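Listing of entry.txt, compact mmCIF, C-alpha atoms
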```txt
# COMPACT_ATOMS: atom_id res chain seq x y z
CA MET A 1 144.31 78.69 44.25
CA THR A 2 147.97 79.42 43.58
CA GLN A 3 151.07 78.19 45.35
CA GLU A 4 152.05 81.83 45.86
CA LEU A 5 148.87 82.37 47.88
CA LEU A 6 149.56 79.30 50.01
CA ASN A 7 153.14 80.48 50.56
CA TYR A 8 151.75 83.80 51.74
CA TYR A 9 149.44 82.04 54.17
CA ASP A 10 152.33 79.85 55.36
CA ASN A 11 154.17 82.95 56.55
CA SER A 12 151.17 84.78 57.99
CA PRO A 13 151.19 85.42 61.76
CA LEU A 14 147.40 85.03 61.68
CA GLY A 15 145.58 81.73 61.66
CA VAL A 16 144.46 80.67 58.19
CA ALA A 17 142.21 77.72 57.35
CA ILE A 18 140.94 76.88 53.88
CA TYR A 19 137.87 74.68 53.69
CA ARG A 20 136.41 72.73 50.78
CA ARG A 21 132.62 72.64 50.71
CA LYS A 22 131.41 69.06 50.30
CA SER A 23 127.68 69.73 50.64
CA GLU A 24 125.39 72.14 52.45
CA ARG A 25 127.02 73.17 55.77
CA GLN A 26 129.61 70.42 55.34
CA PHE A 27 133.18 71.67 55.07
CA GLU A 28 136.45 69.77 55.18
CA PHE A 29 139.92 71.08 55.93
CA TYR A 30 142.00 71.65 52.82
CA TYR A 31 144.71 73.84 54.35
CA TYR A 32 145.58 74.87 57.90
CA ASN A 33 148.63 77.08 58.39
CA LYS A 34 151.22 76.65 61.12
CA ALA A 35 150.23 79.82 62.98
CA GLY A 36 146.62 78.66 63.14
CA ARG A 37 147.48 75.15 64.29
CA LYS A 38 149.80 76.54 66.95
CA MET A 39 147.15 79.03 68.04
CA ASP A 40 144.56 76.26 68.27
CA GLY A 41 146.81 73.67 69.92
CA ALA A 42 146.61 71.43 66.84
CA MET A 43 150.23 71.26 65.70
CA ASP A 44 150.30 67.46 65.51
CA VAL A 45 146.77 66.98 64.19
CA ALA A 46 146.32 65.28 60.80
CA TYR A 47 143.78 67.77 59.50
CA LYS A 48 143.65 67.42 55.72
CA GLY A 49 140.40 65.90 54.53
CA LYS A 50 138.87 66.00 58.02
CA MET A 51 135.47 67.63 58.40
CA ILE A 52 135.55 70.80 60.47
CA ASP A 53 133.16 69.39 63.08
CA GLU A 54 135.23 66.23 63.25
CA LEU A 55 138.17 68.18 64.63
CA TYR A 56 136.07 70.77 66.45
CA PRO A 57 132.72 69.23 67.53
CA ASN A 58 131.41 72.46 69.08
CA VAL A 59 132.17 74.65 66.07
CA ASN A 60 128.48 75.31 65.32
CA GLU A 61 128.17 77.20 68.60
CA MET A 62 130.45 79.99 67.40
CA GLY A 63 128.62 80.57 64.10
CA LEU A 64 131.58 79.78 61.84
CA VAL A 65 129.82 77.09 59.80
CA ASP A 66 126.87 79.41 59.18
CA ALA A 67 129.27 82.09 57.97
CA LEU A 68 131.16 79.65 55.73
CA GLU A 69 127.93 78.52 54.09
CA GLU A 70 126.59 82.04 53.61
CA VAL A 71 129.87 83.32 52.17
CA TYR A 72 130.02 80.32 49.85
CA GLN A 73 126.47 81.01 48.64
CA THR A 74 126.72 84.80 48.30
CA GLY A 75 130.40 85.45 47.69
CA VAL A 76 130.19 88.31 50.20
CA SER A 77 132.90 88.34 52.87
CA GLN A 78 131.91 88.29 56.52
CA VAL A 79 133.52 88.94 59.87
CA VAL A 80 132.39 86.54 62.57
CA PRO A 81 132.72 88.68 65.72
CA LEU A 82 134.50 87.63 68.88
CA LYS A 83 133.32 84.20 69.96
CA GLY A 84 134.54 81.59 72.40
CA TYR A 85 135.11 77.97 71.40
CA LYS A 86 135.08 75.58 74.33
CA MET A 87 137.89 73.05 73.96
CA SER A 88 137.45 71.73 77.51
CA LYS A 89 136.03 72.86 80.84
CA SER A 90 139.03 75.10 81.47
CA ASP A 91 140.27 75.82 77.93
CA ILE A 92 138.34 78.26 75.76
CA LEU A 93 139.60 79.70 72.47
CA TYR A 94 138.50 83.25 71.70
CA ARG A 95 138.49 84.02 68.00
CA THR A 96 137.42 86.63 65.47
CA ASN A 97 137.13 85.13 61.98
CA ARG A 98 137.18 86.90 58.62
CA VAL A 99 135.63 84.61 56.02
CA GLN A 100 136.04 85.04 52.27
CA LYS A 101 135.24 82.90 49.27
CA LEU A 102 138.04 81.74 47.03
CA LYS A 103 137.32 80.17 43.68
CA ASP A 104 135.26 77.05 43.10
CA GLU A 105 134.29 75.25 46.32
CA TYR A 106 136.93 76.81 48.57
CA VAL A 107 136.33 79.23 51.44
CA VAL A 108 139.09 80.73 53.59
CA SER A 109 138.89 81.87 57.19
CA VAL A 110 141.57 84.17 58.59
CA TYR A 111 141.45 84.57 62.33
CA SER A 112 143.26 85.96 65.33
CA ASP A 113 143.61 84.99 68.97
CA GLU A 114 141.30 87.34 70.87
CA SER A 115 142.08 86.14 74.39
CA ASP A 116 143.49 89.56 75.32
CA THR A 117 140.46 91.29 73.85
CA PHE A 118 138.14 89.06 75.87
CA SER A 119 140.18 89.92 78.97
CA TYR A 120 139.73 93.64 78.18
CA ILE A 121 135.97 93.18 77.95
CA ARG A 122 135.84 91.20 81.19
CA GLN A 123 137.95 93.87 82.89
CA ILE A 124 135.56 96.59 81.72
CA GLU A 125 132.62 94.57 83.03
CA LYS A 126 134.42 94.12 86.35
CA ASP A 127 135.22 97.84 86.52
CA ASN A 128 131.59 98.69 85.82
CA LYS A 129 130.45 96.37 88.60
CA ASN A 130 132.91 97.92 91.05
CA LEU A 131 131.82 101.37 89.96
CA ASN A 132 128.16 100.53 90.51
CA ASN A 133 128.98 99.22 93.99
CA ALA A 134 130.88 102.43 94.76
CA LEU A 135 127.97 104.53 93.49
CA ASP A 136 125.51 102.59 95.64
CA PHE A 137 127.70 103.01 98.72
CA ILE A 138 128.30 106.73 98.21
CA SER A 139 124.67 107.36 97.26
CA HIS A 140 123.51 105.69 100.47
CA HIS A 141 125.75 107.87 102.62
CA LEU A 142 124.92 111.03 100.69
CA ARG A 143 121.22 110.44 101.25
CA GLY A 144 121.88 109.87 104.95
CA ASN A 145 123.79 113.14 105.33
CA LEU A 146 121.18 115.06 103.33
CA SER A 147 118.25 113.58 105.25
CA THR A 148 119.83 114.48 108.59
CA SER A 149 120.59 118.04 107.47
CA LEU A 150 117.11 118.58 106.04
CA GLY A 151 115.60 117.24 109.25
CA ILE A 152 117.58 119.77 111.29
CA LEU A 153 116.48 122.63 109.04
CA GLU A 154 112.85 121.55 109.42
CA LEU A 155 113.37 121.45 113.18
CA PHE A 156 114.64 125.04 113.13
CA ARG A 157 111.56 126.14 111.23
CA ALA A 158 109.04 124.29 113.38
CA THR A 159 110.54 124.56 116.88
CA GLU A 160 112.22 127.13 119.06
CA VAL A 161 115.66 125.87 120.05
CA SER A 162 118.18 127.29 122.45
CA LEU A 163 121.36 128.93 121.21
CA GLU A 164 123.39 126.02 122.55
CA GLU A 165 121.20 123.49 120.72
CA LYS A 166 121.28 125.62 117.59
CA ASN A 167 125.08 125.78 117.59
CA PHE A 168 125.30 122.03 118.13
CA LEU A 169 122.87 121.28 115.31
CA MET A 170 124.59 123.74 112.97
CA ASP A 171 127.85 121.91 113.62
CA VAL A 172 126.09 118.67 112.62
CA VAL A 173 124.83 120.28 109.40
CA LYS A 174 128.30 121.68 108.66
CA LYS A 175 129.88 118.27 109.19
CA ASN A 176 127.27 116.62 106.96
CA LEU A 177 127.88 119.15 104.19
CA GLU A 178 131.63 118.59 104.45
CA ASN A 179 131.03 114.84 104.17
CA ILE A 180 128.83 115.37 101.13
CA ASP A 181 131.46 117.58 99.51
CA SER A 182 134.18 115.00 100.21
CA LYS A 183 132.10 112.14 98.82
CA ILE A 184 131.25 114.11 95.67
CA HIS A 185 134.94 114.80 95.06
CA HIS A 186 135.75 111.14 95.66
CA LEU A 187 132.95 110.07 93.32
CA VAL A 188 134.16 112.39 90.56
CA ASP A 189 137.69 111.05 90.98
CA VAL A 190 136.49 107.43 90.78
CA LEU A 191 134.38 108.18 87.70
CA TYR A 192 137.25 109.98 85.98
CA LYS A 193 139.71 107.14 86.59
CA GLU A 194 137.26 104.45 85.49
CA VAL A 195 136.29 106.32 82.33
CA LYS A 196 139.93 106.91 81.36
CA HIS A 197 140.82 103.29 82.05
CA ASP A 198 137.91 101.96 80.00
CA GLU A 199 138.66 104.43 77.19
CA LYS A 200 142.18 103.01 76.91
CA LEU A 201 140.90 99.43 76.82
CA LEU A 202 138.21 100.23 74.26
CA LYS A 203 140.65 102.20 72.11
CA LYS A 204 143.08 99.29 72.06
CA TYR A 205 140.28 96.81 71.35
CA SER A 206 138.81 98.98 68.58
CA SER A 207 142.22 99.47 66.99
CA GLU A 208 143.02 95.76 67.01
CA THR A 209 139.58 94.84 65.67
CA GLN A 210 139.75 97.43 62.88
CA ASP A 211 143.24 96.28 61.87
CA PHE A 212 141.94 92.74 61.61
CA LYS A 213 138.85 93.75 59.61
CA ASP A 214 141.07 95.58 57.12
CA ILE A 215 143.15 92.50 56.34
CA LYS A 216 142.99 91.42 52.72
CA VAL A 217 142.85 87.68 52.16
```
For the structure just supplied, provide its representation as structure tokens.
Amino acid sequence: MTQELLNYYDNSPLGVAIYRRKSERQFEFYYYNKAGRKMDGAMDVAYKGKMIDELYPNVNEMGLVDALEEVYQTGVSQVVPLKGYKMSKSDILYRTNRVQKLKDEYVVSVYSDESDTFSYIRQIEKDNKNLNNALDFISHHLRGNLSTSLGILELFRATEVSLEEKNFLMDVVKKNLENIDSKIHHLVDVLYKEVKHDEKLLKKYSSETQDFKDIKV
């Protein structure tokens, strides 16, 4: 590991942590750049020589230790997808880690703060829930209008009605059809807006994720 490489990591806007493998699934901090410590709220932490689970007791929950061990054993780089690390009840770190083996017993993890990405995903989930509620509401009213109109048509076929009654019932059918038409247009508009909104979020998320995956460490 060269000083030039460490200098490069020092100036990286991404979080960088280099771990030394002590034994199976046991890794200690060897290097932890400023961007990473700031990102993780660990600026004043004395990290060097500390075991990873000593500083971050819940680290096994996000799969990072498994990835470190596998990359160490195989030499094949891995991306640990978006995971949340619970610092406290109200503070959760969202990270995507790219893990790569260096020489000897060293493994490096380069990561980014994915809080915005997690917010995008939550927003999409919220939009989908709202959309489902809108679909249920509109579907209920569409079925009501259709059932009423079909009932009137069946009445015409089965029973003789006066001209006055016929005109009244035809007005009801006309109004129901207008309501159906209006609700269909509203539904199409809602669907179009939701799809476009989610496409923008997914495009931004995919772009950011791909940029991160392409990083060379």
Quiz item: Within 9 Å of range 174-183 of chain A, counting all atoms listed in the file, which residues qualify if same-chain residues fewer than 2 places away don't, as a ChimeraX atom specification?
Solution: /A:138-139,141-142,144-146,148-149,169-172,185-188
Quiz item: For the atom pair CA of Gly36 in chain A and CA of Ser90 in chain A, what is the interatomic distance in Å to one decimal place?
Solution: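 Atom-to-atom, CA of Gly36 in chain A to CA of Ser90 in chain A, that is 20.2 Å.
Straight-line separation from CA of Leu64 in chain A to CA of Asn97 in chain A: 7.7 Å.
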Exercise. Write out as a ChimeraX atom specification the residues lying within 12 Å of Ala46 in chain A, counting only C-alpha atoms and excluding same-chain residues fewer than 6 positions away.
Key: /A:29-32,37,54-55
Quiz item: By how many Å are CA of Arg25 in chain A and CA of Lys83 in chain A apart?
Solution: 19.0 Å
List as a PDB file with C-alpha atoms, in the frame of the given file the protein and nucleic acid residues near Asn60 in chain A, meaning an atom at most 12 Å away when all atoms listed in the file are counted, but skip any in the same chain fewer than 4 places from it.
```
ATOM      1  CA  ARG A  25     127.020  73.170  55.770  1.00  0.00           C
ATOM      2  CA  GLN A  26     129.610  70.420  55.340  1.00  0.00           C
ATOM      3  CA  PHE A  27     133.180  71.670  55.070  1.00  0.00           C
ATOM      4  CA  ILE A  52     135.550  70.800  60.470  1.00  0.00           C
ATOM      5  CA  ASP A  53     133.160  69.390  63.080  1.00  0.00           C
ATOM      6  CA  GLU A  54     135.230  66.230  63.250  1.00  0.00           C
ATOM      7  CA  TYR A  56     136.070  70.770  66.450  1.00  0.00           C
ATOM      8  CA  LEU A  64     131.580  79.780  61.840  1.00  0.00           C
ATOM      9  CA  VAL A  65     129.820  77.090  59.800  1.00  0.00           C
ATOM     10  CA  ASP A  66     126.870  79.410  59.180  1.00  0.00           C
ATOM     11  CA  ALA A  67     129.270  82.090  57.970  1.00  0.00           C
ATOM     12  CA  LEU A  68     131.160  79.650  55.730  1.00  0.00           C
ATOM     13  CA  GLU A  69     127.930  78.520  54.090  1.00  0.00           C
ATOM     14  CA  LYS A  83     133.320  84.200  69.960  1.00  0.00           C
ATOM     15  CA  GLY A  84     134.540  81.590  72.400  1.00  0.00           C
ATOM     16  CA  TYR A  85     135.110  77.970  71.400  1.00  0.00           C
ATOM     17  CA  LYS A  86     135.080  75.580  74.330  1.00  0.00           C
TER      18      LYS A  86
END
```
Self-check item: Selected residue of minimal separation from Glu105 in chain A among A:Leu6, A:Ala35, A:Val161, A:Val71, counting only C-alpha atoms
Solution: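 Of A:Leu6, A:Ala35, A:Val161, A:Val71, the one nearest Glu105 in chain A is A:Val71, counting only C-alpha atoms.
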